[in-house]
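Chemist: The structure is given below, and queries will be raised subsequently.
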Amino acid sequence: MKMICINCPKGCELDVEQAADGTVTVTGHTCPRGEAYGRSELVNPTRMVTGLVRVAGMRKPLPVKTRTAVPKGKIDAVLFAMHQATVQLPIRIGDVIIPNVAETGVDLVATANM
Ligand code: SF4
């Protein structure tokens, strides 16, 4: 599988293969982060998720993000949870808005003070 490493602007083109015994081989990287990225993308791809959550009594929504990356397969569930949520002010940066969002084990946190 070919992919581009997104860990820095250099954008190395990776070739990631998995052998029948499960061994993963990464080539094309120019630093250890690229190898780790290629391996992770094949075995358990993850992404940070950002979005907006409704604020009670206000038109302006609260920007939020997952504290760490979540499995790609859970992104839709995280976005749905964001859409369903409404928060009360005041909110500080880093406040947990939804703990264990979509049962990912990752908290959804505020990225702004309101
Ligand atoms: S492999 Fe290393 S140098 Fe290449 S894009 Fe990824 S992080 Fe950057």
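Letters for chains follow the order of the structure tokens (A, B, ...), residue numbers begin at 1 for each chain, and ligand numbers begin at 1 in the order shown.
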Any residue with an atom at most 8 Å from ligand 1 counts, using only C-alpha atoms and all ligand atoms. Which are they? Put them as a list of chain:residue names.
Modeler: A:Ile4, A:Cys5, A:Ile6, A:Asn7, A:Cys8, A:Pro9, A:Lys10, A:Gly11, A:Cys12, A:Glu13, A:Leu14, A:Gly28, A:His29, A:Thr30, A:Cys31, A:Pro32, A:Arg33, A:Gly34, A:Glu35, A:Tyr37
Chemist: Give the helix (DSSP H, G or I) residues of chain A, as DSSP finds them on the backbone, and put them as a PyMOL selection string.
Modeler: chain A and resi 32-43+72-84+101-103
Chemist: Kindly export the residues of the current selection with N, CA and C atoms, as a tab-separated table (two decimals), in the first residue's frame.
Modeler:
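Final output, result_36.tsv:
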chain	number	residue	atom	x	y	z
A	32	PRO	N	12.36	7.90	11.74
A	32	PRO	CA	11.57	6.90	12.47
A	32	PRO	C	10.08	7.23	12.58
A	33	ARG	N	9.74	8.51	12.57
A	33	ARG	CA	8.33	8.86	12.67
A	33	ARG	C	7.55	8.36	11.46
A	34	GLY	N	8.19	8.38	10.32
A	34	GLY	CA	7.53	7.90	9.10
A	34	GLY	C	7.28	6.41	9.17
A	35	GLU	N	8.23	5.67	9.69
A	35	GLU	CA	8.04	4.22	9.81
A	35	GLU	C	6.89	3.92	10.77
A	36	ALA	N	6.86	4.62	11.89
A	36	ALA	CA	5.79	4.41	12.87
A	36	ALA	C	4.43	4.79	12.28
A	37	TYR	N	4.41	5.87	11.50
A	37	TYR	CA	3.16	6.31	10.88
A	37	TYR	C	2.64	5.27	9.90
A	38	GLY	N	3.54	4.77	9.04
A	38	GLY	CA	3.13	3.77	8.05
A	38	GLY	C	2.60	2.51	8.71
A	39	ARG	N	3.27	2.09	9.73
A	39	ARG	CA	2.84	0.88	10.47
A	39	ARG	C	1.46	1.11	11.10
A	40	SER	N	1.29	2.24	11.73
A	40	SER	CA	0.03	2.56	12.39
A	40	SER	C	-1.11	2.69	11.38
A	41	GLU	N	-0.83	3.32	10.25
A	41	GLU	CA	-1.87	3.50	9.23
A	41	GLU	C	-2.37	2.16	8.69
A	42	LEU	N	-1.50	1.20	8.63
A	42	LEU	CA	-1.92	-0.11	8.11
A	42	LEU	C	-2.66	-0.90	9.18
A	43	VAL	N	-2.15	-0.89	10.38
A	43	VAL	CA	-2.68	-1.77	11.44
A	43	VAL	C	-3.85	-1.13	12.18
A	72	LYS	N	-10.01	5.54	13.05
A	72	LYS	CA	-10.74	6.12	11.91
A	72	LYS	C	-12.18	5.62	11.84
A	73	GLY	N	-12.39	4.38	12.20
A	73	GLY	CA	-13.72	3.80	12.15
A	73	GLY	C	-14.69	4.41	13.15
A	74	LYS	N	-14.20	5.19	14.08
A	74	LYS	CA	-15.06	5.81	15.10
A	74	LYS	C	-15.34	7.29	14.79
A	75	ILE	N	-14.79	7.81	13.72
A	75	ILE	CA	-14.93	9.24	13.43
A	75	ILE	C	-16.40	9.64	13.29
A	76	ASP	N	-17.18	8.87	12.55
A	76	ASP	CA	-18.60	9.22	12.37
A	76	ASP	C	-19.33	9.24	13.71
A	77	ALA	N	-19.02	8.29	14.58
A	77	ALA	CA	-19.68	8.24	15.89
A	77	ALA	C	-19.27	9.44	16.74
A	78	VAL	N	-18.02	9.86	16.64
A	78	VAL	CA	-17.57	11.04	17.38
A	78	VAL	C	-18.28	12.29	16.87
A	79	LEU	N	-18.38	12.42	15.54
A	79	LEU	CA	-19.07	13.58	14.97
A	79	LEU	C	-20.54	13.59	15.36
A	80	PHE	N	-21.16	12.42	15.41
A	80	PHE	CA	-22.56	12.34	15.82
A	80	PHE	C	-22.71	12.78	17.28
A	81	ALA	N	-21.82	12.34	18.13
A	81	ALA	CA	-21.87	12.74	19.55
A	81	ALA	C	-21.70	14.25	19.69
A	82	MET	N	-20.82	14.84	18.88
A	82	MET	CA	-20.65	16.31	18.90
A	82	MET	C	-21.95	16.98	18.51
A	83	HIS	N	-22.58	16.46	17.48
A	83	HIS	CA	-23.82	17.05	16.97
A	83	HIS	C	-24.93	16.98	18.02
A	84	GLN	N	-24.95	15.94	18.81
A	84	GLN	CA	-26.01	15.74	19.81
A	84	GLN	C	-25.79	16.57	21.08
A	101	VAL	N	-15.67	9.91	24.52
A	101	VAL	CA	-16.61	10.17	23.43
A	101	VAL	C	-16.74	8.95	22.51
A	102	ALA	N	-17.95	8.57	22.23
A	102	ALA	CA	-18.28	7.43	21.35
A	102	ALA	C	-17.54	6.16	21.77
A	103	GLU	N	-17.29	6.04	23.08
A	103	GLU	CA	-16.62	4.86	23.65
A	103	GLU	C	-15.27	4.59	22.99
Chemist: By how many Å are CA of Asn100 (chain A) and CA of Ala112 (chain A) apart?
Modeler: 19.6 Å
Chemist: Just checking: using only C-alpha atoms, which residue out of A:Gln18, A:Thr104, A:Thr23, A:Asn113 ends up closest to Val49 (chain A)?
Modeler: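 Closest candidate: A:Thr104.
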Chemist: Using only C-alpha atoms, which protein or nucleic acid residues come within 12 Å of Pro90 (chain A)? Drop anything in the same chain fewer than 6 positions from it, and give the result as a PyMOL selection string.
Modeler: chain A and resi 55-58+62+97+110+112-114
Chemist: At what distance in Å, to one decimal, does CA of Ala69 (chain A) lie from CA of Thr86 (chain A)?
Modeler: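 Taking CA of Thr86 (chain A) as the start and CA of Ala69 (chain A) as the end point, the length is 22.4 Å.
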Chemist: What's the 6 Å shell around Val64 (chain A), counting only C-alpha atoms, without same-chain residues fewer than 2 positions away, as an MDAnalysis selection string?
Modeler: chainID A and resid 50:52 109:111
Chemist: Between CA of Met3 (chain A) and CA of Thr66 (chain A), what distance in Å does the model show, to one decimal?
Modeler: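 Going from CA of Met3 (chain A) over to CA of Thr66 (chain A), I get 24.0 Å.
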Chemist: Which one of A:Val53, A:Ala20, A:Val70, A:Leu108 sits closest to Ala85 (chain A) if you count only C-alpha atoms?
Modeler: A:Val53
Chemist: Tell me, which residues of region 11-103 of chain A carry DSSP strand (DSSP E or B), written as an MDAnalysis selection string?
Modeler: chainID A and resid 13:18 24:27 46:47 50:55 62:66 70:71 86:87 96:98
Chemist: My list of candidates is A:Ile93, A:Val87, A:Met48, A:Met1. Which is closest to Thr68 (chain A) when distances are computed with only C-alpha atoms?
Modeler: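 Nearest to Thr68 (chain A): A:Met48.
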Chemist: My list of candidates is A:Pro45, A:Asp21, A:Thr27, A:Pro63. Which is closest to Arg92 (chain A) when distances are computed with only C-alpha atoms?
Modeler: A:Pro63
